[in-house]
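Chemist: See run.pdb below, with PDB, C-alpha atoms (C1' of nucleotides).
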```pdb
ATOM      1  CA  MET S   1       2.883 -13.397 -17.178
ATOM      2  CA  ARG S   2       5.336 -10.579 -17.603
ATOM      3  CA  GLY S   3       8.207  -9.479 -15.423
ATOM      4  CA  GLN S   4       8.132 -10.085 -11.714
ATOM      5  CA  ALA S   5       4.488  -9.273 -11.272
ATOM      6  CA  LEU S   6       3.837 -12.124  -8.895
ATOM      7  CA  LYS S   7       6.837 -11.407  -6.732
ATOM      8  CA  GLY S   8       5.581 -11.791  -3.205
ATOM      9  CA  HIS S   9       2.287 -13.323  -4.267
ATOM     10  CA  LEU S  10       3.442 -16.797  -5.191
ATOM     11  CA  ASP S  11       2.966 -18.202  -1.713
ATOM     12  CA  LEU S  12      -0.653 -17.142  -1.733
ATOM     13  CA  LEU S  13      -1.231 -18.921  -5.036
ATOM     14  CA  LEU S  14       0.347 -22.142  -3.823
ATOM     15  CA  LEU S  15      -1.534 -22.095  -0.537
ATOM     16  CA  ALA S  16      -4.759 -21.385  -2.412
ATOM     17  CA  ILE S  17      -4.319 -24.409  -4.656
ATOM     18  CA  LEU S  18      -3.555 -26.645  -1.699
ATOM     19  CA  ALA S  19      -6.611 -25.375   0.165
ATOM     20  CA  ASP S  20      -8.694 -27.557  -2.145
ATOM     21  CA  GLY S  21      -6.798 -30.692  -1.142
ATOM     22  CA  ALA S  22      -3.325 -32.228  -1.127
ATOM     23  CA  GLN S  23      -1.407 -32.089  -4.396
ATOM     24  CA  HIS S  24       2.039 -32.878  -5.683
ATOM     25  CA  GLY S  25       4.239 -30.210  -7.222
ATOM     26  CA  TYR S  26       3.769 -31.009 -10.855
ATOM     27  CA  ALA S  27       0.003 -31.133 -10.433
ATOM     28  CA  ILE S  28       0.066 -27.786  -8.643
ATOM     29  CA  ILE S  29       1.759 -26.244 -11.668
ATOM     30  CA  ASP S  30      -0.901 -27.744 -13.943
ATOM     31  CA  GLU S  31      -3.715 -26.599 -11.729
ATOM     32  CA  LEU S  32      -2.286 -23.106 -11.487
ATOM     33  CA  ARG S  33      -2.077 -22.888 -15.261
ATOM     34  CA  ARG S  34      -5.576 -24.271 -15.681
ATOM     35  CA  ARG S  35      -7.255 -22.084 -13.072
ATOM     36  CA  SER S  36      -5.541 -18.926 -14.267
ATOM     37  CA  ASP S  37      -6.434 -19.540 -17.921
ATOM     38  CA  GLU S  38      -2.771 -20.051 -18.880
ATOM     39  CA  ALA S  39      -1.780 -16.759 -17.272
ATOM     40  CA  PHE S  40       0.363 -18.444 -14.632
ATOM     41  CA  ASP S  41       2.609 -20.931 -16.395
ATOM     42  CA  LEU S  42       5.271 -21.261 -13.770
ATOM     43  CA  PRO S  43       8.599 -23.005 -14.307
ATOM     44  CA  GLU S  44       9.458 -25.867 -11.986
ATOM     45  CA  GLY S  45      12.453 -23.937 -10.745
ATOM     46  CA  THR S  46      10.021 -21.421  -9.365
ATOM     47  CA  VAL S  47       7.526 -23.750  -7.762
ATOM     48  CA  TYR S  48       9.660 -26.461  -6.165
ATOM     49  CA  PRO S  49      11.872 -24.131  -4.140
ATOM     50  CA  ALA S  50       8.783 -22.217  -3.062
ATOM     51  CA  LEU S  51       7.147 -25.401  -1.819
ATOM     52  CA  HIS S  52      10.308 -26.290   0.107
ATOM     53  CA  ARG S  53      10.349 -22.840   1.611
ATOM     54  CA  LEU S  54       6.724 -23.099   2.669
ATOM     55  CA  GLN S  55       7.291 -26.495   4.228
ATOM     56  CA  LYS S  56      10.348 -25.205   6.053
ATOM     57  CA  GLY S  57       8.216 -22.382   7.368
ATOM     58  CA  GLY S  58       5.705 -24.886   8.717
ATOM     59  CA  TYR S  59       2.923 -23.987   6.313
ATOM     60  CA  LEU S  60       2.983 -27.288   4.452
ATOM     61  CA  SER S  61       3.639 -30.930   5.262
ATOM     62  CA  SER S  62       4.627 -33.470   2.659
ATOM     63  CA  GLU S  63       5.004 -37.181   2.077
ATOM     64  CA  TRP S  64       6.352 -39.363  -0.678
ATOM     65  CA  THR S  65       3.893 -41.460  -2.606
ATOM     66  CA  GLU S  66       4.353 -43.863  -5.534
ATOM     67  CA  VAL S  67       1.866 -43.900  -8.423
ATOM     68  CA  HIS S  68       2.652 -46.542 -11.083
ATOM     69  CA  GLY S  69       6.385 -46.206 -10.947
ATOM     70  CA  ARG S  70       6.361 -42.438 -10.497
ATOM     71  CA  ARG S  71       7.399 -41.050  -7.147
ATOM     72  CA  ARG S  72       5.581 -37.949  -6.023
ATOM     73  CA  ARG S  73       5.946 -35.610  -3.108
ATOM     74  CA  THR S  74       2.467 -34.717  -2.015
ATOM     75  CA  TYR S  75       1.987 -31.474  -0.149
ATOM     76  CA  ARG S  76      -0.744 -30.668   2.298
ATOM     77  CA  LEU S  77      -1.707 -27.478   4.169
ATOM     78  CA  THR S  78      -0.903 -27.448   7.860
ATOM     79  CA  GLU S  79      -3.020 -25.570  10.362
ATOM     80  CA  ASN S  80      -0.479 -22.767  10.194
ATOM     81  CA  GLY S  81      -0.688 -22.874   6.452
ATOM     82  CA  ARG S  82      -4.413 -22.391   6.523
ATOM     83  CA  GLY S  83      -3.953 -19.422   8.807
ATOM     84  CA  ALA S  84      -1.310 -17.934   6.528
ATOM     85  CA  LEU S  85      -3.618 -18.403   3.572
ATOM     86  CA  GLY S  86      -6.287 -16.330   5.280
ATOM     87  CA  GLU S  87      -3.832 -13.612   6.210
ATOM     88  CA  GLN S  88      -2.298 -13.434   2.778
ATOM     89  CA  ARG S  89      -5.652 -13.404   1.112
ATOM     90  CA  LEU S  90      -6.580 -10.418   3.215
ATOM     91  CA  ALA S  91      -3.244  -8.763   2.492
ATOM     92  CA  TRP S  92      -3.829  -9.305  -1.215
ATOM     93  CA  HIS S  93      -7.252  -7.742  -0.889
ATOM     94  CA  ASP S  94      -5.845  -4.716   0.908
ATOM     95  CA  PHE S  95      -3.130  -4.415  -1.686
ATOM     96  CA  THR S  96      -5.535  -4.402  -4.614
ATOM     97  CA  GLU S  97      -7.733  -1.880  -2.827
ATOM     98  CA  ALA S  98      -4.798   0.436  -2.355
ATOM     99  CA  MET S  99      -3.789  -0.008  -5.974
ATOM    100  CA  SER S 100      -7.330   0.776  -7.085
ATOM    101  CA  ARG S 101      -7.382   3.965  -5.089
ATOM    102  CA  VAL S 102      -4.173   5.142  -6.682
ATOM    103  CA  LEU S 103      -5.248   4.026 -10.141
ATOM    104  CA  LYS S 104      -8.649   5.668  -9.886
ATOM    105  CA  GLY S 105      -9.174   7.906 -12.853
ATOM    106  CA  VAL S 106      -6.299   6.516 -14.862
ATOM    107  CA  PRO S 107      -7.624   5.663 -18.316
ATOM    108  CA  TRP S 108      -7.239   2.300 -20.031
ATOM    109  CA  PRO S 109      -5.329   2.107 -23.303
ATOM    110  CA  ASP S 110      -8.462   1.323 -25.368
ATOM    111  CA  THR S 111     -11.657   2.348 -23.633
ATOM    112  CA  PRO S 112     -11.970   6.123 -23.141
TER
ATOM    113  CA  MET C   1       2.663  -2.547   3.175
ATOM    114  CA  ARG C   2       4.262  -5.860   3.908
ATOM    115  CA  GLY C   3       7.023  -7.719   2.138
ATOM    116  CA  GLN C   4       7.687  -7.164  -1.524
ATOM    117  CA  ALA C   5       4.063  -7.030  -2.548
ATOM    118  CA  LEU C   6       4.511  -4.152  -4.938
ATOM    119  CA  LYS C   7       7.558  -5.627  -6.613
ATOM    120  CA  GLY C   8       6.964  -5.073 -10.282
ATOM    121  CA  HIS C   9       4.049  -2.719  -9.743
ATOM    122  CA  LEU C  10       5.862   0.386  -8.571
ATOM    123  CA  ASP C  11       6.321   1.804 -12.053
ATOM    124  CA  LEU C  12       2.602   1.674 -12.629
ATOM    125  CA  LEU C  13       1.988   3.600  -9.415
ATOM    126  CA  LEU C  14       4.495   6.302 -10.292
ATOM    127  CA  LEU C  15       3.200   6.666 -13.838
ATOM    128  CA  ALA C  16      -0.352   6.831 -12.497
ATOM    129  CA  ILE C  17       0.475   9.688 -10.143
ATOM    130  CA  LEU C  18       2.231  11.601 -12.898
ATOM    131  CA  ALA C  19      -0.704  11.116 -15.234
ATOM    132  CA  ASP C  20      -2.506  13.811 -13.239
ATOM    133  CA  GLY C  21       0.253  16.305 -13.849
ATOM    134  CA  ALA C  22       3.955  16.916 -13.309
ATOM    135  CA  GLN C  23       5.258  16.359  -9.794
ATOM    136  CA  HIS C  24       8.548  16.272  -7.976
ATOM    137  CA  GLY C  25       9.723  13.155  -6.187
ATOM    138  CA  TYR C  26       8.904  14.126  -2.649
ATOM    139  CA  ALA C  27       5.403  15.193  -3.641
ATOM    140  CA  ILE C  28       4.900  11.908  -5.466
ATOM    141  CA  ILE C  29       5.654  10.061  -2.259
ATOM    142  CA  ASP C  30       3.144  12.219  -0.381
ATOM    143  CA  GLU C  31       0.500  11.788  -3.034
ATOM    144  CA  LEU C  32       1.022   8.035  -3.111
ATOM    145  CA  ARG C  33       0.582   7.854   0.626
ATOM    146  CA  ARG C  34      -2.463  10.079   0.537
ATOM    147  CA  ARG C  35      -4.224   8.347  -2.334
ATOM    148  CA  SER C  36      -3.584   4.891  -0.956
ATOM    149  CA  ASP C  37      -4.846   5.765   2.529
ATOM    150  CA  GLU C  38      -1.364   5.342   4.059
ATOM    151  CA  ALA C  39      -0.992   1.875   2.537
ATOM    152  CA  PHE C  40       1.891   2.920   0.300
ATOM    153  CA  ASP C  41       4.370   4.776   2.464
ATOM    154  CA  LEU C  42       7.414   4.375   0.279
ATOM    155  CA  PRO C  43      10.944   5.222   1.359
ATOM    156  CA  GLU C  44      12.830   7.742  -0.727
ATOM    157  CA  GLY C  45      15.402   5.083  -1.529
ATOM    158  CA  THR C  46      12.663   3.250  -3.348
ATOM    159  CA  VAL C  47      11.131   6.105  -5.267
ATOM    160  CA  TYR C  48      14.109   8.155  -6.433
ATOM    161  CA  PRO C  49      15.953   5.290  -8.114
ATOM    162  CA  ALA C  50      12.684   4.205  -9.721
ATOM    163  CA  LEU C  51      12.132   7.689 -11.146
ATOM    164  CA  HIS C  52      15.671   7.717 -12.503
ATOM    165  CA  ARG C  53      15.074   4.332 -14.070
ATOM    166  CA  LEU C  54      11.849   5.495 -15.680
ATOM    167  CA  GLN C  55      13.499   8.590 -17.054
ATOM    168  CA  LYS C  56      16.395   6.549 -18.401
ATOM    169  CA  GLY C  57      13.827   4.332 -20.085
ATOM    170  CA  GLY C  58      12.288   7.347 -21.759
ATOM    171  CA  TYR C  59       9.015   7.243 -19.851
ATOM    172  CA  LEU C  60       9.616  10.454 -17.939
ATOM    173  CA  SER C  61      11.299  13.777 -18.551
ATOM    174  CA  SER C  62      12.492  16.032 -15.767
ATOM    175  CA  GLU C  63      13.685  19.529 -15.068
ATOM    176  CA  TRP C  64      15.094  21.372 -12.093
ATOM    177  CA  THR C  65      13.014  24.068 -10.513
ATOM    178  CA  GLU C  66      13.588  26.292  -7.510
ATOM    179  CA  VAL C  67      10.789  27.023  -5.057
ATOM    180  CA  HIS C  68      11.758  29.426  -2.254
ATOM    181  CA  GLY C  69      15.262  28.132  -1.825
ATOM    182  CA  ARG C  70      14.354  24.484  -2.339
ATOM    183  CA  ARG C  71      15.514  22.813  -5.522
ATOM    184  CA  ARG C  72      13.160  20.278  -6.981
ATOM    185  CA  ARG C  73      13.386  17.873  -9.845
ATOM    186  CA  THR C  74       9.990  17.887 -11.472
ATOM    187  CA  TYR C  75       9.009  14.842 -13.476
ATOM    188  CA  ARG C  76       6.571  14.709 -16.334
ATOM    189  CA  LEU C  77       5.141  11.833 -18.377
ATOM    190  CA  THR C  78       6.485  11.526 -21.899
ATOM    191  CA  GLU C  79       4.388  10.212 -24.750
ATOM    192  CA  ASN C  80       6.076   6.846 -24.245
ATOM    193  CA  GLY C  81       5.314   7.062 -20.565
ATOM    194  CA  ARG C  82       1.647   7.551 -21.245
ATOM    195  CA  GLY C  83       1.688   4.512 -23.481
ATOM    196  CA  ALA C  84       3.478   2.461 -20.851
ATOM    197  CA  LEU C  85       0.930   3.556 -18.277
ATOM    198  CA  GLY C  86      -1.862   2.177 -20.428
ATOM    199  CA  GLU C  87      -0.069  -1.100 -21.020
ATOM    200  CA  GLN C  88       0.819  -1.566 -17.394
ATOM    201  CA  ARG C  89      -2.646  -0.713 -16.270
ATOM    202  CA  LEU C  90      -3.954  -3.417 -18.556
ATOM    203  CA  ALA C  91      -1.298  -5.859 -17.357
ATOM    204  CA  TRP C  92      -2.291  -5.112 -13.771
ATOM    205  CA  HIS C  93      -5.911  -5.764 -14.662
ATOM    206  CA  ASP C  94      -5.027  -9.102 -16.270
ATOM    207  CA  PHE C  95      -2.900 -10.024 -13.298
ATOM    208  CA  THR C  96      -5.652  -9.373 -10.777
ATOM    209  CA  GLU C  97      -8.113 -11.291 -12.957
ATOM    210  CA  ALA C  98      -5.809 -14.300 -13.006
ATOM    211  CA  MET C  99      -5.300 -14.034  -9.254
ATOM    212  CA  SER C 100      -9.053 -13.876  -8.720
ATOM    213  CA  ARG C 101      -9.616 -16.993 -10.758
ATOM    214  CA  VAL C 102      -7.074 -18.914  -8.711
ATOM    215  CA  LEU C 103      -8.359 -17.475  -5.445
ATOM    216  CA  LYS C 104     -11.987 -18.208  -6.261
ATOM    217  CA  GLY C 105     -13.520 -20.215  -3.475
ATOM    218  CA  VAL C 106     -10.733 -19.543  -0.999
ATOM    219  CA  PRO C 107     -12.318 -18.317   2.239
ATOM    220  CA  TRP C 108     -11.385 -15.133   4.049
ATOM    221  CA  PRO C 109     -10.011 -15.354   7.592
ATOM    222  CA  ASP C 110     -13.104 -13.767   9.195
ATOM    223  CA  THR C 111     -16.144 -14.074   6.943
ATOM    224  CA  PRO C 112     -17.342 -17.687   6.524
TER
ATOM    225  C1'  DT R   1      15.399 -50.169 -30.917
ATOM    226  C1'  DC R   2      15.863 -45.786 -30.081
ATOM    227  C1'  DT R   3      14.197 -41.412 -29.585
ATOM    228  C1'  DT R   4      10.911 -38.206 -28.160
ATOM    229  C1'  DG R   5       7.922 -36.296 -24.947
ATOM    230  C1'  DA R   6       5.131 -36.205 -20.833
ATOM    231  C1'  DC R   7       5.638 -36.963 -16.078
ATOM    232  C1'  DA R   8       8.101 -35.795 -11.740
ATOM    233  C1'  DC R   9      11.570 -34.172  -8.922
ATOM    234  C1'  DC R  10      15.899 -31.347  -7.663
ATOM    235  C1'  DT R  11      19.274 -27.245  -7.052
ATOM    236  C1'  DA R  12      23.294 -23.940  -8.000
ATOM    237  C1'  DG R  13      23.597 -19.745  -9.748
ATOM    238  C1'  DT R  14      21.716 -15.266 -11.797
ATOM    239  C1'  DG R  15      19.231 -10.974 -12.137
ATOM    240  C1'  DT R  16      15.965  -7.655 -10.817
ATOM    241  C1'  DA R  17      14.379  -4.223  -8.028
ATOM    242  C1'  DG R  18      12.623  -2.616  -3.667
ATOM    243  C1'  DC R  19      14.669  -1.308   0.601
ATOM    244  C1'  DT R  20      18.193   0.172   4.310
ATOM    245  C1'  DA R  21      21.292   3.283   5.647
ATOM    246  C1'  DT R  22      23.516   7.192   5.114
ATOM    247  C1'  DG R  23      24.853  11.401   3.155
ATOM    248  C1'  DT R  24      24.072  16.409   1.452
ATOM    249  C1'  DG R  25      21.704  20.861   1.919
ATOM    250  C1'  DT R  26      17.753  24.519   2.920
ATOM    251  C1'  DA R  27      14.060  26.599   5.731
ATOM    252  C1'  DG R  28      11.414  27.373   9.787
ATOM    253  C1'  DG R  29      10.164  26.700  14.477
ATOM    254  C1'  DT R  30      11.383  26.279  19.618
TER
ATOM    255  C1'  DA A   1      21.559  25.424  18.980
ATOM    256  C1'  DC A   2      18.610  21.825  17.747
ATOM    257  C1'  DC A   3      15.000  19.514  15.569
ATOM    258  C1'  DT A   4      11.742  18.599  12.038
ATOM    259  C1'  DA A   5      10.030  18.932   7.444
ATOM    260  C1'  DC A   6      11.435  19.436   2.892
ATOM    261  C1'  DA A   7      14.155  17.593  -1.035
ATOM    262  C1'  DC A   8      17.454  14.923  -3.427
ATOM    263  C1'  DA A   9      21.028  11.174  -4.008
ATOM    264  C1'  DT A  10      23.253   6.470  -3.999
ATOM    265  C1'  DA A  11      26.128   2.325  -2.386
ATOM    266  C1'  DG A  12      25.102  -1.901  -0.733
ATOM    267  C1'  DC A  13      21.824  -5.507   0.935
ATOM    268  C1'  DT A  14      18.430  -8.894   0.344
ATOM    269  C1'  DA A  15      14.497 -11.628  -1.137
ATOM    270  C1'  DC A  16      12.956 -14.380  -4.436
ATOM    271  C1'  DA A  17      11.397 -15.617  -9.093
ATOM    272  C1'  DC A  18      13.716 -17.497 -12.730
ATOM    273  C1'  DT A  19      17.422 -19.872 -15.788
ATOM    274  C1'  DA A  20      19.694 -23.715 -16.813
ATOM    275  C1'  DG A  21      21.064 -27.681 -15.946
ATOM    276  C1'  DG A  22      20.637 -32.336 -13.785
ATOM    277  C1'  DT A  23      18.237 -37.270 -12.443
ATOM    278  C1'  DG A  24      14.908 -40.916 -13.370
ATOM    279  C1'  DT A  25      10.319 -43.470 -15.106
ATOM    280  C1'  DC A  26       7.089 -44.710 -18.639
ATOM    281  C1'  DA A  27       4.458 -44.817 -23.094
ATOM    282  C1'  DA A  28       4.243 -43.948 -27.947
ATOM    283  C1'  DG A  29       6.018 -43.632 -32.375
ATOM    284  C1'  DA A  30       9.584 -43.768 -35.960
TER
END
```
Transcribe the structure of this file into structure tokens.
Modeler:
Amino acid sequence: MRGQALKGHLDLLLLAILADGAQHGYAIIDELRRRSDEAFDLPEGTVYPALHRLQKGGYLSSEWTEVHGRRRRTYRLTENGRGALGEQRLAWHDFTEAMSRVLKGVPWPDTP
Amino acid sequence: MRGQALKGHLDLLLLAILADGAQHGYAIIDELRRRSDEAFDLPEGTVYPALHRLQKGGYLSSEWTEVHGRRRRTYRLTENGRGALGEQRLAWHDFTEAMSRVLKGVPWPDTP
DNA sequence: TCTTGACACCTAGTGTAGCTATGTGTAGGT
DNA sequence: ACCTACACATAGCTACACTAGGTGTCAAGA
């Protein structure tokens, strides 16, 4: 994914993944890549700080777990987090609608 | 429009407006607000530097005009700019597709 | 055995770019 | 005289994704 296209939309992605159940960071990255068809292949340096930020904001809770010698920090949506997910999903919807209105009539590179 | 949602997507918006014909900066802001149903109400400090950047990148050309005592810098898409518009429109499409795939199944705040 | 690679986490620092704040100047209305 | 709309400009701020480096475990292969 080019440039800083997902600037401001990363939180929504993370919350969306965690809406399907608790996950640890590395698995979230995998899941994001899988669900997006490789489009979102996010570096760890992007995801971990974002998770910390979300937890600090009260949107996630976390706990350490140990799976055959590997420690994991498993994140889970809080009630606030679920609320934020709804809000941000709506905001994303509004944003795309506004973009569509502006882009209406603008031709694609291929299809005429 | 909240936060930095349109980070990385502003160029596309500006190119899209100018695809319908040459415009000066202030009018671009108006048109963006109008077309987006007030969603994009961009400050001048956002738009003018972006236009300068696009011109520097060779995507826009500009010329001064004078309309009853008001000087205007009118911007126009270059051939490169039209190409970039197509590419960015496609990139936007891919981005929203990827977002949709990740967001699939995530409920809205209201509708159950 | 030793190296590689996947797994799993962390963070200091960087860069980009939208935004704030402020400035300049004209024209028209009250 | 003052305010608002029009019209442009830019220095500095800030948020945040990303780079680049680090730590440690475990399994597989050379």
Chemist: Taking 2 positions as the minimum chain separation for residues in the same chain, which residues sit within 8 Å of region 84-97 of chain S when counting only C-alpha atoms (C1' of nucleotides)? Answer as a list in words.
Modeler: His9, Leu12, Leu15, Ala16, Tyr59, Asn80, Gly81, Arg82, Met99, Ser100 and Arg101 of chain S; Met1, Ala5, Ala39, Thr96, Pro107, Trp108 and Pro109 of chain C
Chemist: To one decimal in Å, tell me the separation between CA of Gly69 (chain S) and C1' of DC2 (chain R).
Modeler: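 Answer for the CA of Gly69 (chain S) to C1' of DC2 (chain R) separation: 21.4 Å.
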Chemist: Pick out the closest residue to chain R from this set: S:Leu60, S:Ala98, S:Ile28, S:Val106. Count all atoms listed in the file.
Modeler: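 With all atoms listed in the file as the atom set, the closest residue is S:Ile28.
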Chemist: Written as a ChimeraX atom specification, what is the full residue list that the PyMOL selection byres ((chain A) within 10 of (chain S)) yields on the file shown?
Modeler: /A:15-20,24-26
Chemist: Between C:Leu13, C:Ala27, C:Asp41, C:Lys104, single out the one closest to Arg73 (chain C), counting only C-alpha atoms.
Modeler: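 Smallest distance to Arg73 (chain C) is found for C:Ala27.
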Chemist: How would you write, as a list in words, the residues chosen by the PyMOL selection byres ((chain R) within 8 of (chain C)) on this structure?
Modeler: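 Listing what the PyMOL selection byres ((chain R) within 8 of (chain C)) selects in the shown file: DA17, DG18, DC19, DT26 and DA27 of chain R.
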Chemist: Which value, in Å to one decimal, gives the distance between CA of Leu77 (chain S) and CA of Arg34 (chain S)?
Modeler: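 Interatomic distance, CA of Leu77 (chain S) to CA of Arg34 (chain S): 20.5 Å.
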Chemist: Here is a test: counting all atoms listed in the file, which residue of S:Ser36, S:Gln55, S:Thr74, S:Ser61 is nearest to Ala22 (chain S)?
Modeler: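 Result for the nearest residue to Ala22 (chain S): S:Thr74.
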Chemist: To one decimal place in Å, what is the distance between CA of Val102 (chain C) and CA of Asp30 (chain S)?
Modeler: 12.0 Å
Chemist: Could you list, as a VMD selection string, every residue within 10 Å of region 3-6 of chain R, counting only C-alpha atoms (C1' of nucleotides) and ignoring same-chain residues fewer than 5 positions away?
Modeler: chain A and resid 26 to 30
Chemist: Given 8 Å of margin on each side, can you work out the centre and size in Å (one decimal) of an axis-aligned box holding every listed atom of region 9-17 of chain A, as lines of an AutoDock Vina configuration file?
Modeler:
```
center_x = 18.8
center_y = -2.2
center_z = -4.1
size_x = 30.7
size_y = 42.8
size_z = 26.0
```
